[in-house]
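Engineer: Supplied structure: entry.txt, compact mmCIF, C-alpha atoms.
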```txt
# COMPACT_ATOMS: atom_id res chain seq x y z
CA MET A 1 65.66 91.30 91.23
CA ARG A 2 69.25 90.38 91.84
CA PHE A 3 70.24 92.44 88.82
CA TRP A 4 69.00 95.43 90.79
CA ILE A 5 70.72 94.46 93.99
CA ALA A 6 74.08 93.55 92.59
CA GLY A 7 74.13 96.35 90.07
CA THR A 8 73.23 98.88 92.70
CA LEU A 9 75.70 97.46 95.15
CA LEU A 10 78.80 96.84 93.15
CA LEU A 11 78.61 99.83 90.89
CA SER A 12 78.15 101.96 93.98
CA ALA A 13 80.59 100.18 96.24
CA GLY A 14 82.78 102.40 98.25
CA LEU A 15 85.61 100.01 97.70
CA ALA A 16 87.80 101.78 95.25
CA ARG A 17 89.04 98.52 93.79
CA ALA A 18 85.49 97.41 93.25
CA ASP A 19 84.40 100.65 91.67
CA HIS A 20 84.57 99.28 88.20
CA MET A 21 83.61 95.71 88.97
CA HIS A 22 80.72 94.62 86.96
CA THR A 23 78.06 92.17 87.91
CA VAL A 24 75.78 89.90 86.05
CA ASP A 25 72.06 89.40 85.71
CA HIS A 26 71.40 86.10 87.37
CA GLY A 27 67.69 86.13 86.82
CA ASP A 28 66.04 83.93 89.41
CA ASP A 29 68.45 81.02 89.12
CA GLY A 30 69.48 79.39 92.36
CA HIS A 31 73.05 80.11 91.49
CA ALA A 32 74.97 81.50 88.58
CA PHE A 33 78.41 81.84 87.22
CA GLY A 34 79.29 84.94 85.34
CA ALA A 35 82.11 86.35 83.28
CA GLY A 36 82.55 89.90 82.21
CA VAL A 37 84.90 92.52 80.98
CA THR A 38 85.17 96.17 81.91
CA MET A 39 86.75 98.88 79.80
CA ILE A 40 88.13 101.96 81.53
CA ALA A 41 89.45 105.25 80.17
CA ALA A 42 90.51 108.13 82.40
CA SER A 43 92.50 111.31 82.51
CA PHE A 44 94.19 112.53 85.66
CA ASP A 45 95.97 115.64 86.87
CA GLN A 46 97.55 114.92 90.22
CA PRO A 47 100.20 116.91 92.08
CA LEU A 48 103.07 114.72 90.87
CA TYR A 49 101.70 113.19 87.69
CA THR A 50 99.54 114.18 84.75
CA GLY A 51 98.35 111.80 82.09
CA ASN A 52 95.75 109.26 81.18
CA TYR A 53 95.16 105.55 81.34
CA GLN A 54 93.04 102.88 79.75
CA GLY A 55 92.25 99.53 81.26
CA VAL A 56 90.69 96.19 80.40
CA VAL A 57 89.41 94.25 83.38
CA PRO A 58 88.26 90.66 82.86
CA ALA A 59 86.35 89.23 85.78
CA VAL A 60 84.58 86.06 86.85
CA GLN A 61 81.90 85.77 89.50
CA TRP A 62 79.70 83.23 91.19
CA ALA A 63 76.57 84.00 93.15
CA ASN A 64 73.56 82.38 94.75
CA GLU A 65 70.67 83.82 96.74
CA ARG A 66 72.82 84.92 99.67
CA PHE A 67 76.44 84.81 98.65
CA ALA A 68 78.62 86.01 95.84
CA ALA A 69 82.31 85.85 95.09
CA GLY A 70 84.51 86.90 92.25
CA THR A 71 87.93 87.86 91.03
CA SER A 72 89.31 90.39 88.61
CA VAL A 73 92.59 91.79 87.40
CA ALA A 74 93.16 94.79 85.20
CA LEU A 75 95.57 95.30 82.34
CA TYR A 76 96.48 98.94 81.91
CA ARG A 77 98.10 101.28 79.48
CA LEU A 78 99.30 104.21 81.58
CA GLU A 79 100.75 107.46 80.33
CA GLU A 80 102.24 109.58 83.09
CA ASN A 81 104.36 112.70 82.64
CA GLY A 82 105.17 111.77 79.07
CA ALA A 83 106.07 108.12 79.66
CA GLU A 84 103.98 105.16 78.51
CA PHE A 85 103.73 101.91 80.44
CA TYR A 86 101.77 98.69 80.08
CA GLY A 87 101.11 96.31 82.93
CA PHE A 88 98.73 94.58 85.26
CA GLY A 89 96.92 96.21 88.12
CA ASP A 90 96.53 94.46 91.43
CA PHE A 91 94.65 91.17 91.55
CA VAL A 92 91.37 91.50 93.44
CA ILE A 93 89.19 88.82 95.00
CA HIS A 94 85.93 89.78 96.61
CA GLY A 95 83.05 88.17 98.44
CA GLN A 96 79.63 89.27 99.54
CA ALA A 97 77.03 87.89 101.93
CA MET A 98 73.47 89.10 102.34
CA LEU A 99 72.56 88.99 106.02
CA ILE A 100 69.13 90.60 105.91
CA GLY A 101 66.87 90.50 102.94
CA ASN A 102 63.27 90.76 101.82
CA HIS A 103 61.53 92.06 98.76
CA HIS A 104 62.38 95.71 99.46
CA ARG A 105 65.38 95.78 101.74
CA HIS A 106 68.71 94.04 101.78
CA ALA A 107 71.79 94.40 103.92
CA GLY A 108 75.00 92.50 104.25
CA VAL A 109 78.73 92.53 104.14
CA VAL A 110 81.12 92.75 101.23
CA ALA A 111 84.85 92.39 101.36
CA ALA A 112 87.67 92.55 98.88
CA VAL A 113 91.33 91.71 99.19
CA SER A 114 93.92 92.74 96.65
CA ALA A 115 97.23 91.05 95.89
CA PRO A 116 99.95 93.45 94.79
CA ILE A 117 100.86 92.19 91.35
CA GLY A 118 100.65 95.68 89.82
CA ASP A 119 103.80 97.76 89.42
CA ASP A 120 103.55 100.19 92.31
CA ARG A 121 106.50 102.25 91.12
CA ARG A 122 104.66 103.00 87.88
CA GLY A 123 101.39 103.70 89.62
CA MET A 124 99.58 100.55 88.55
CA GLY A 125 99.58 98.78 91.91
CA MET A 126 99.34 99.60 95.58
CA GLY A 127 102.61 97.84 96.43
CA HIS A 128 101.14 95.76 99.21
CA PRO A 129 97.96 93.77 99.87
CA MET A 130 94.85 95.68 100.81
CA ALA A 131 91.87 94.50 102.84
CA MET A 132 88.61 96.28 102.07
CA PRO A 133 85.58 95.12 104.07
CA ALA A 134 82.32 97.05 104.06
CA LEU A 135 78.68 96.90 105.04
CA PHE A 136 75.98 97.52 102.46
CA GLY A 137 72.31 98.24 102.46
CA THR A 138 69.73 98.68 99.71
CA TRP A 139 66.14 99.84 99.78
CA MET A 140 63.77 99.59 96.87
CA VAL A 141 60.37 101.17 96.42
CA GLU A 142 58.63 100.54 93.14
CA ARG A 143 60.96 101.91 90.48
CA PHE A 144 63.36 103.59 92.86
CA ALA A 145 66.32 102.07 94.62
CA VAL A 146 68.83 103.61 96.95
CA ALA A 147 71.96 101.98 98.30
CA ALA A 148 74.78 102.84 100.63
CA THR A 149 77.99 101.29 101.81
CA ALA A 150 80.33 102.03 104.69
CA GLY A 151 83.67 100.34 104.99
CA TYR A 152 87.21 100.38 106.15
CA SER A 153 90.29 99.72 104.06
CA ARG A 154 93.86 99.30 105.10
CA ALA A 155 97.19 98.15 103.81
CA LEU A 156 98.42 94.77 105.03
CA GLY A 157 102.03 94.08 105.79
CA ALA A 158 103.29 97.56 104.95
CA ASP A 159 106.07 98.97 107.10
CA SER A 160 104.76 101.22 109.82
CA GLY A 161 106.85 104.08 108.51
CA HIS A 162 105.85 103.51 104.90
CA ASP A 163 103.11 105.87 103.83
CA HIS A 164 102.97 106.87 100.18
CA GLY A 165 99.74 108.78 100.51
CA MET A 166 97.01 108.10 97.99
CA TRP A 167 98.20 105.53 95.48
CA PRO A 168 98.25 103.99 92.88
CA ILE A 169 97.42 106.30 90.00
CA VAL A 170 94.88 103.93 88.48
CA GLU A 171 92.80 103.26 91.62
CA PRO A 172 94.02 105.63 94.32
CA MET A 173 93.42 104.80 97.95
CA ASN A 174 94.92 105.86 101.24
CA MET A 175 96.97 103.44 103.29
CA GLN A 176 94.12 103.36 105.78
CA GLU A 177 90.75 104.95 105.27
CA PHE A 178 87.03 104.83 105.84
CA THR A 179 85.14 104.24 102.63
CA TRP A 180 81.60 105.21 101.80
CA SER A 181 79.17 105.37 98.95
CA ALA A 182 75.59 106.40 98.31
CA SER A 183 73.58 105.91 95.17
CA GLY A 184 70.14 106.18 93.70
CA ASP A 185 68.66 104.46 90.68
CA TYR A 186 65.44 104.59 88.73
CA ALA A 187 64.11 101.69 86.65
CA PHE A 188 62.96 103.08 83.34
CA THR A 189 61.89 99.57 82.36
CA PRO A 190 62.39 96.21 84.09
CA HIS A 191 65.61 95.85 82.13
CA VAL A 192 66.93 99.41 81.94
CA HIS A 193 67.81 101.62 84.82
CA GLY A 194 69.88 104.70 85.42
CA GLY A 195 71.08 106.73 88.32
CA ALA A 196 73.83 108.53 90.11
CA ARG A 197 76.19 107.81 92.92
CA PHE A 198 78.85 109.34 95.09
CA SER A 199 81.67 107.45 96.72
CA GLY A 200 84.84 108.27 98.54
CA GLY A 201 87.44 107.64 101.15
CA VAL A 202 88.30 109.51 104.33
CA PRO A 203 91.91 108.97 105.36
CA ILE A 204 92.84 107.69 108.77
CA GLY A 205 96.10 109.42 109.56
CA ASN A 206 97.97 110.88 106.62
CA GLY A 207 96.24 111.05 103.28
CA ASP A 208 93.69 112.85 101.22
CA ASN A 209 89.95 112.92 101.27
CA ARG A 210 88.59 111.44 98.06
CA ILE A 211 85.15 111.97 96.50
CA ILE A 212 83.91 110.61 93.21
CA GLY A 213 80.63 111.46 91.53
CA ALA A 214 79.10 109.37 88.76
CA ALA A 215 76.11 109.04 86.46
CA ARG A 216 75.27 105.70 84.95
CA VAL A 217 72.90 103.61 82.94
CA ALA A 218 72.58 99.84 82.94
CA TRP A 219 70.56 97.43 80.92
CA GLY A 220 70.16 93.68 80.83
CA SER A 221 68.63 91.19 78.48
CA GLY A 222 68.63 87.45 78.90
CA ARG A 223 72.03 86.29 80.03
CA PHE A 224 73.70 89.57 79.18
CA SER A 225 73.98 92.76 81.16
CA THR A 226 75.81 95.96 80.37
CA ALA A 227 76.47 99.16 82.26
CA ALA A 228 78.08 102.46 81.42
CA GLU A 229 79.21 105.03 83.93
CA LEU A 230 80.75 108.48 83.61
CA GLN A 231 82.73 109.44 86.70
CA ALA A 232 84.25 112.70 87.86
CA GLY A 233 86.84 113.26 90.54
CA ILE A 234 85.35 115.81 92.91
CA ALA A 235 88.00 115.84 95.64
CA GLY A 236 91.38 114.26 96.19
CA ASP A 237 92.43 114.08 92.52
CA PRO A 238 91.60 110.40 91.94
CA PHE A 239 91.12 111.35 88.27
CA THR A 240 89.70 114.22 86.30
CA VAL A 241 87.11 112.23 84.40
CA ARG A 242 86.73 108.51 83.86
CA GLY A 243 84.47 106.41 81.68
CA VAL A 244 83.64 102.82 82.59
CA VAL A 245 81.75 100.37 80.38
CA SER A 246 81.10 96.84 81.57
CA THR A 247 79.40 93.89 80.02
CA ALA A 248 78.89 90.42 81.42
CA VAL A 249 77.21 87.15 80.69
CA SER A 250 75.84 84.61 83.16
CA PHE A 251 75.70 80.88 82.65
CA MET B 1 93.21 80.21 96.94
CA ARG B 2 96.67 78.70 97.39
CA VAL B 3 97.71 80.11 94.04
CA ILE B 4 96.48 83.55 95.04
CA LEU B 5 98.31 83.50 98.34
CA LEU B 6 101.47 82.23 96.69
CA LEU B 7 101.25 84.92 94.06
CA ALA B 8 100.76 87.61 96.68
CA PHE B 9 103.67 86.25 98.68
CA VAL B 10 106.01 86.14 95.71
CA VAL B 11 105.13 89.66 94.62
CA ALA B 12 105.28 91.04 98.13
CA CYS B 13 108.73 89.56 98.53
CA GLY B 14 110.08 91.22 95.38
CA PRO B 15 112.56 94.08 95.58
CA SER B 16 111.21 97.38 96.74
CA PRO B 17 112.81 100.73 97.46
CA GLU B 18 114.34 100.70 100.91
CA PRO B 19 116.32 103.24 102.96
CA THR B 20 119.99 102.34 102.77
CA GLY B 21 120.59 103.13 106.42
CA THR B 22 123.68 105.12 105.51
CA MET B 23 124.88 107.45 108.28
CA CYS B 24 127.09 110.45 107.79
CA PRO B 25 130.35 110.02 109.73
CA GLU B 26 130.77 112.17 112.81
CA PRO B 27 132.08 114.73 112.37
CA ASP B 28 131.02 115.31 108.77
CA PRO B 29 134.26 114.83 106.78
CA LEU B 30 133.00 117.12 103.99
CA THR B 31 134.68 114.86 101.46
CA LEU B 32 131.52 114.54 99.35
CA THR B 33 129.77 117.74 98.38
CA TYR B 34 127.38 118.90 95.70
CA ASP B 35 130.22 120.63 93.90
CA ASN B 36 132.70 117.75 93.89
CA PHE B 37 130.25 114.83 93.58
CA GLY B 38 126.53 115.51 93.58
CA HIS B 39 126.31 117.86 90.64
CA GLU B 40 128.29 115.57 88.36
CA PHE B 41 126.37 112.48 89.49
CA MET B 42 123.00 114.11 88.91
CA THR B 43 124.02 115.52 85.56
CA LYS B 44 125.36 112.19 84.37
CA TYR B 45 122.51 109.97 85.54
CA CYS B 46 119.42 111.91 86.58
CA THR B 47 118.68 115.27 85.01
CA TRP B 48 117.78 113.76 81.64
CA CYS B 49 114.34 113.47 83.20
CA HIS B 50 114.59 114.95 86.72
CA SER B 51 115.05 118.56 85.71
CA SER B 52 113.13 121.66 86.71
CA GLU B 53 113.40 122.84 83.13
CA LEU B 54 111.31 119.96 81.79
CA PRO B 55 107.53 120.26 81.55
CA ARG B 56 105.44 117.30 82.60
CA ALA B 57 105.02 115.93 79.11
CA GLN B 58 108.81 115.72 78.60
CA ARG B 59 109.80 114.12 81.90
CA ASN B 60 109.54 110.54 80.69
CA GLY B 61 107.61 109.59 83.79
CA ALA B 62 109.67 111.46 86.37
CA PRO B 63 107.37 112.91 89.01
CA VAL B 64 107.03 116.64 89.37
CA TYR B 65 109.01 118.24 92.23
CA HIS B 66 111.69 115.59 91.90
CA ASP B 67 114.20 117.86 90.18
CA TYR B 68 117.88 117.28 90.72
CA ASP B 69 119.42 120.02 88.65
CA SER B 70 120.14 122.02 91.80
CA LEU B 71 121.16 121.30 95.36
CA LEU B 72 117.88 122.77 96.53
CA GLY B 73 116.03 120.28 94.35
CA VAL B 74 118.05 117.38 95.72
CA LEU B 75 117.26 118.41 99.27
CA GLU B 76 113.53 118.40 98.53
CA THR B 77 113.44 114.59 98.22
CA PRO B 78 116.65 113.12 99.70
CA ASP B 79 114.87 110.00 100.95
CA HIS B 80 113.63 109.15 97.48
CA ILE B 81 117.12 109.44 96.01
CA ASP B 82 118.53 107.19 98.72
CA GLU B 83 115.74 104.62 98.28
CA GLN B 84 115.90 104.56 94.50
CA ALA B 85 119.61 104.66 93.74
CA GLY B 86 121.72 104.39 96.90
CA PHE B 87 123.82 101.54 98.28
CA GLY B 88 124.25 101.18 102.02
CA PRO B 89 124.36 98.73 104.88
CA ASP B 90 120.61 98.06 104.80
CA ALA B 91 119.83 98.08 101.09
CA LYS B 92 121.29 98.16 97.61
CA ASN B 93 118.82 100.06 95.47
CA GLU B 94 119.13 99.95 91.71
CA PHE B 95 115.70 101.15 90.64
CA MET B 96 117.17 104.29 89.13
CA PRO B 97 118.35 105.08 86.55
CA PRO B 98 115.90 102.98 84.51
CA ASP B 99 116.90 100.85 81.54
CA ARG B 100 116.10 103.40 78.82
CA CYS B 101 117.04 107.08 78.73
CA PRO B 102 116.81 109.98 76.26
CA SER B 103 119.83 111.17 74.31
CA VAL B 104 118.82 114.73 75.09
CA ALA B 105 117.00 115.92 78.18
CA GLY B 106 113.27 115.56 77.65
CA GLY B 107 113.66 113.57 74.46
CA ALA B 108 112.50 110.12 73.47
CA LEU B 109 113.87 107.05 75.28
CA ASP B 110 116.31 106.11 72.55
CA LYS B 111 119.34 104.70 74.35
CA ASN B 112 120.31 102.55 77.28
CA CYS B 113 120.85 104.51 80.46
CA ALA B 114 124.33 104.88 81.89
CA LYS B 115 124.45 103.05 85.22
CA PRO B 116 126.32 104.19 88.31
CA THR B 117 128.94 101.83 89.70
CA ALA B 118 128.51 100.29 93.12
CA GLU B 119 131.10 102.73 94.44
CA GLU B 120 129.18 105.68 92.99
CA ARG B 121 125.93 104.45 94.55
CA THR B 122 127.62 104.07 97.91
CA LYS B 123 129.02 107.58 97.65
CA LEU B 124 125.59 108.86 96.63
CA ALA B 125 124.01 107.50 99.79
CA GLU B 126 126.79 108.91 101.95
CA TRP B 127 126.65 112.30 100.26
CA ILE B 128 122.87 112.47 100.72
CA ALA B 129 123.21 111.43 104.38
CA CYS B 130 125.74 114.21 105.00
CA GLU B 131 124.32 116.91 102.76
CA ARG B 132 120.86 116.83 104.30
CA ASN B 133 122.30 117.72 107.69
CA ARG B 134 124.48 120.58 106.55
CA ASN B 135 123.51 124.21 106.88
CA HIS B 136 122.49 125.76 103.60
CA SER B 137 121.64 129.21 102.43
CA PHE B 138 119.93 129.50 99.08
CA LEU B 139 119.39 133.24 99.38
CA ASP B 140 122.06 133.93 96.78
CA ALA B 141 120.01 131.94 94.30
CA GLY B 142 116.99 134.10 94.95
CA VAL B 143 115.31 131.36 96.96
CA ASP B 144 114.57 131.47 100.65
CA ALA B 145 115.76 128.32 102.34
CA PRO B 146 113.35 126.69 104.74
```
Could you write out this file's structure as structure tokens?

Structural biologist:
Amino acid sequence: MRFWIAGTLLLSAGLARADHMHTVDHGDDGHAFGAGVTMIAASFDQPLYTGNYQGVVPAVQWANERFAAGTSVALYRLEENGAEFYGFGDFVIHGQAMLIGNHHRHAGVVAAVSAPIGDDRRGMGMGHPMAMPALFGTWMVERFAVAATAGYSRALGADSGHDHGMWPIVEPMNMQEFTWSASGDYAFTPHVHGGARFSGGVPIGNGDNRIIGAARVAWGSGRFSTAAELQAGIAGDPFTVRGVVSTAVSF
Amino acid sequence: MRVILLLAFVVACGPSPEPTGTMCPEPDPLTLTYDNFGHEFMTKYCTWCHSSELPRAQRNGAPVYHDYDSLLGVLETPDHIDEQAGFGPDAKNEFMPPDRCPSVAGGALDKNCAKPTAEERTKLAEWIACERNRNHSFLDAGVDAP
């Protein structure tokens, strides 16, 4: 059950930094630790930069029936306008609490905070901390599940006159924006499901509207779970196309 | 959690591009111009990558529309120049030029970049502060000034 919830939630989260976070199949354990790794490959064609990037994102997570928390940090290879750079992305810590839940419906809050360890001048970090809280809801009927999130993200501690627009290259966000996502999944078997989602950000003040569309498949077996997602930038030039593959193990 | 907060604090307190706060003297002394300073400075330190003649793949990471091979190009992003390479009362920015540069414009990063002196960086900030407020006509270059 929680495989459904967490997979639907985190792979559909409107939080840009959580877009590629993977989750783990906890089974029905009272609590579970998990560790995973996500591989990312993307091409982008933005007004100022053209290129591609690849990322490896190790992550750890803990969860019980109502709460979950985790951290992740990405290591990127970024090629932009003919230059090649290697470096970390921003460090992200996130938490989630389910406030309402029964067999078919769940709702709660999820929040992420990023620490700016990524090189913002190269496009691998935001350059300042970000706070990204959101509400989520899921609804499941037999083999179908739909989920949605609505959130608000903003830069912390940035100068009032400092507005770089959507940044960084690897996970672009506006300095302040409303975030959203909507997704639908179908369980082909108890352990394999697939679906589609849309997510985005609406700037508050200066910035660009951002919309991402994605198709995905996820499967789990025992302690292991894996998901693959093909994403397309529909509006706002977050990327042209991006592939994300995640795998995780719980213990 | 303490480690995370400390890490965020340390990173957030690292150097970042800042406006130098340089003001052009009143009245503008016209001692620093594109012809007697800016063109040479840009040619020596910047246009290896920041050139309108370079396609994206040969810019070694320089963003598009940040081209300093003309006065018009400089005036498109004067704040960025000041915040990346200028010295002034509020900041001393040494983010540009980077450590490695090409031997020929658009080439591979095969040599250490020449670095402006502190005096050159101070003049850069002053020239930018003055130049951006001067009247310009780019009609003779076939370009309509804003």

Engineer: Do me a favour and pick out the residues of chain B within 6 Å of chain A, using all atoms listed in the file, as a VMD selection string.

Structural biologist: chain B and resid 8 11 56 to 61 63 to 64

Engineer: Those residues with C-alpha atoms, as a PDB file, in the coordinates of the input please?

Structural biologist:
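Output file result-v6.pdb is given in full below:
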```pdb
ATOM      1  CA  ALA B   8     100.760  87.610  96.680  1.00  0.00           C
ATOM      2  CA  VAL B  11     105.130  89.660  94.620  1.00  0.00           C
ATOM      3  CA  ARG B  56     105.440 117.300  82.600  1.00  0.00           C
ATOM      4  CA  ALA B  57     105.020 115.930  79.110  1.00  0.00           C
ATOM      5  CA  GLN B  58     108.810 115.720  78.600  1.00  0.00           C
ATOM      6  CA  ARG B  59     109.800 114.120  81.900  1.00  0.00           C
ATOM      7  CA  ASN B  60     109.540 110.540  80.690  1.00  0.00           C
ATOM      8  CA  GLY B  61     107.610 109.590  83.790  1.00  0.00           C
ATOM      9  CA  PRO B  63     107.370 112.910  89.010  1.00  0.00           C
ATOM     10  CA  VAL B  64     107.030 116.640  89.370  1.00  0.00           C
TER      11      VAL B  64
END
```

Engineer: Hey, which of A:Ala42, A:Ala112, A:Ala145, A:Ala215 ends up closest to Tyr76 (chain A)? Count all atoms listed in the file.

Structural biologist: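 The shortest atom-to-atom distance to Tyr76 (chain A) comes from A:Ala42.
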
Engineer: Quick one: distance from CA of Gly21 (chain B) to CA of Ala91 (chain B) in Å, one decimal?

Structural biologist: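 We find that CA of Gly21 (chain B) and CA of Ala91 (chain B) lie 7.4 Å from each other.
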
Engineer: Just to confirm, what's the straight-line distance from CA of Ala41 (chain A) to CA of Met126 (chain A) in Å (one decimal)?

Structural biologist: 19.2 Å

Engineer: Mind pulling up the distance from CA of Pro190 (chain A) to CA of Thr247 (chain A)?

Structural biologist: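 A separation of 17.6 Å between them.
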
Engineer: When distances are computed from only C-alpha atoms, which of B:Leu75, B:Ala85, B:Cys101, B:Ala62 shows the smallest separation from Lys123 (chain B)?

Structural biologist: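 Going through B:Leu75, B:Ala85, B:Cys101, B:Ala62 one by one, the smallest distance to Lys123 (chain B) is for B:Ala85.
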
Engineer: Within 8 Å of Ile169 (chain A), counting only C-alpha atoms, which residues qualify if same-chain residues fewer than 2 places away don't, as a list in words?

Structural biologist: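 Once the nearby chain positions are removed, what remains is Gly123, Met124, Trp167, Glu171, Pro172 and Pro238 of chain A.
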
Engineer: Which polymer residues have any atom within 12 Å of an atom of Glu76 (chain B), counting all atoms listed in the file, with same-chain residues fewer than 6 positions away left out, as a PyMOL selection string?

Structural biologist: chain B and resi 64-70+128+131-132+145-146

Engineer: For each of A:Ala214, A:Val146, A:Ala63, A:Val244, take the minimum atom-to-atom distance to Arg105 (chain A), counting all atoms listed in the file, then give the residue where this is smallest.

Structural biologist: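 Closest candidate: A:Val146.
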
Engineer: Restricting the calculation to all atoms listed in the file: of B:Lys44, B:Ser51, B:Ser16, B:Asp110, which residue gets closest to Val74 (chain B)?

Structural biologist: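 Selected residue with least distance to Val74 (chain B): B:Ser51.
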
Engineer: For region 54-57 of chain A, work out the shell of residues within 6 Å, counting all atoms listed in the file and skipping chain neighbours fewer than 5 positions away, then give it as a list in words.

Structural biologist: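 The neighbour list is Val37, Thr38, Met39, Ile40, Ala41, Val73, Ala74, Leu75, Tyr76 and Arg77 of chain A.
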
Engineer: Would you list the contacts of Met98 (chain A) as a PyMOL selection string, taking every protein, DNA or RNA residue within 7 Å and counting all atoms listed in the file, but skipping same-chain residues closer than 3 positions in sequence?

Structural biologist: chain A and resi 66-67+101+106-109

Engineer: Put those residues in a file: C-alpha atoms, as an mmCIF file, in the frame of the given file.

Structural biologist:
```cif
data_model
loop_
_atom_site.group_PDB
_atom_site.id
_atom_site.type_symbol
_atom_site.label_atom_id
_atom_site.label_comp_id
_atom_site.auth_asym_id
_atom_site.auth_seq_id
_atom_site.Cartn_x
_atom_site.Cartn_y
_atom_site.Cartn_z
ATOM 1 C CA ARG A 66 72.820 84.920 99.670
ATOM 2 C CA PHE A 67 76.440 84.810 98.650
ATOM 3 C CA GLY A 101 66.870 90.500 102.940
ATOM 4 C CA HIS A 106 68.710 94.040 101.780
ATOM 5 C CA ALA A 107 71.790 94.400 103.920
ATOM 6 C CA GLY A 108 75.000 92.500 104.250
ATOM 7 C CA VAL A 109 78.730 92.530 104.140
#
```

Engineer: Which residues are near Thr149 (chain A)? Cut-off 6 Å, only C-alpha atoms, ignore same chain within fewer than 5 positions. Put them as a list in words.

Structural biologist: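 After dropping sequence-adjacent residues, the list is Leu135, Phe136, Trp180 and Ser181 of chain A.
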
Engineer: Can you complete the atoms of region 61-74 of chain A to N, CA and C atoms and list them as a compact mmCIF listing (two decimals), in the coordinates of the input?

Structural biologist:
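Printed below is selection_33.txt as written:
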```
# COMPACT_ATOMS: atom_id res chain seq x y z
N GLN A 61 82.68 85.64 88.26
CA GLN A 61 81.90 85.77 89.50
C GLN A 61 80.97 84.58 89.64
N TRP A 62 80.71 84.23 90.87
CA TRP A 62 79.70 83.23 91.19
C TRP A 62 78.77 83.83 92.24
N ALA A 63 77.51 83.48 92.17
CA ALA A 63 76.57 84.00 93.15
C ALA A 63 75.41 83.04 93.34
N ASN A 64 74.85 83.03 94.54
CA ASN A 64 73.56 82.38 94.75
C ASN A 64 72.66 83.37 95.48
N GLU A 65 71.62 82.88 96.15
CA GLU A 65 70.67 83.82 96.74
C GLU A 65 71.29 84.69 97.82
N ARG A 66 72.28 84.17 98.53
CA ARG A 66 72.82 84.92 99.67
C ARG A 66 74.29 85.31 99.51
N PHE A 67 75.00 84.58 98.70
CA PHE A 67 76.44 84.81 98.65
C PHE A 67 76.90 85.07 97.22
N ALA A 68 77.99 85.76 97.14
CA ALA A 68 78.62 86.01 95.84
C ALA A 68 80.12 86.11 96.06
N ALA A 69 80.86 85.74 95.03
CA ALA A 69 82.31 85.85 95.09
C ALA A 69 82.83 86.04 93.68
N GLY A 70 83.96 86.68 93.58
CA GLY A 70 84.51 86.90 92.25
C GLY A 70 85.95 87.37 92.30
N THR A 71 86.56 87.38 91.14
CA THR A 71 87.93 87.86 91.03
C THR A 71 88.06 88.72 89.77
N SER A 72 89.04 89.58 89.79
CA SER A 72 89.31 90.39 88.61
C SER A 72 90.76 90.86 88.65
N VAL A 73 91.26 91.17 87.50
CA VAL A 73 92.59 91.79 87.40
C VAL A 73 92.59 92.66 86.16
N ALA A 74 93.18 93.82 86.29
CA ALA A 74 93.16 94.79 85.20
C ALA A 74 94.48 94.77 84.43
```
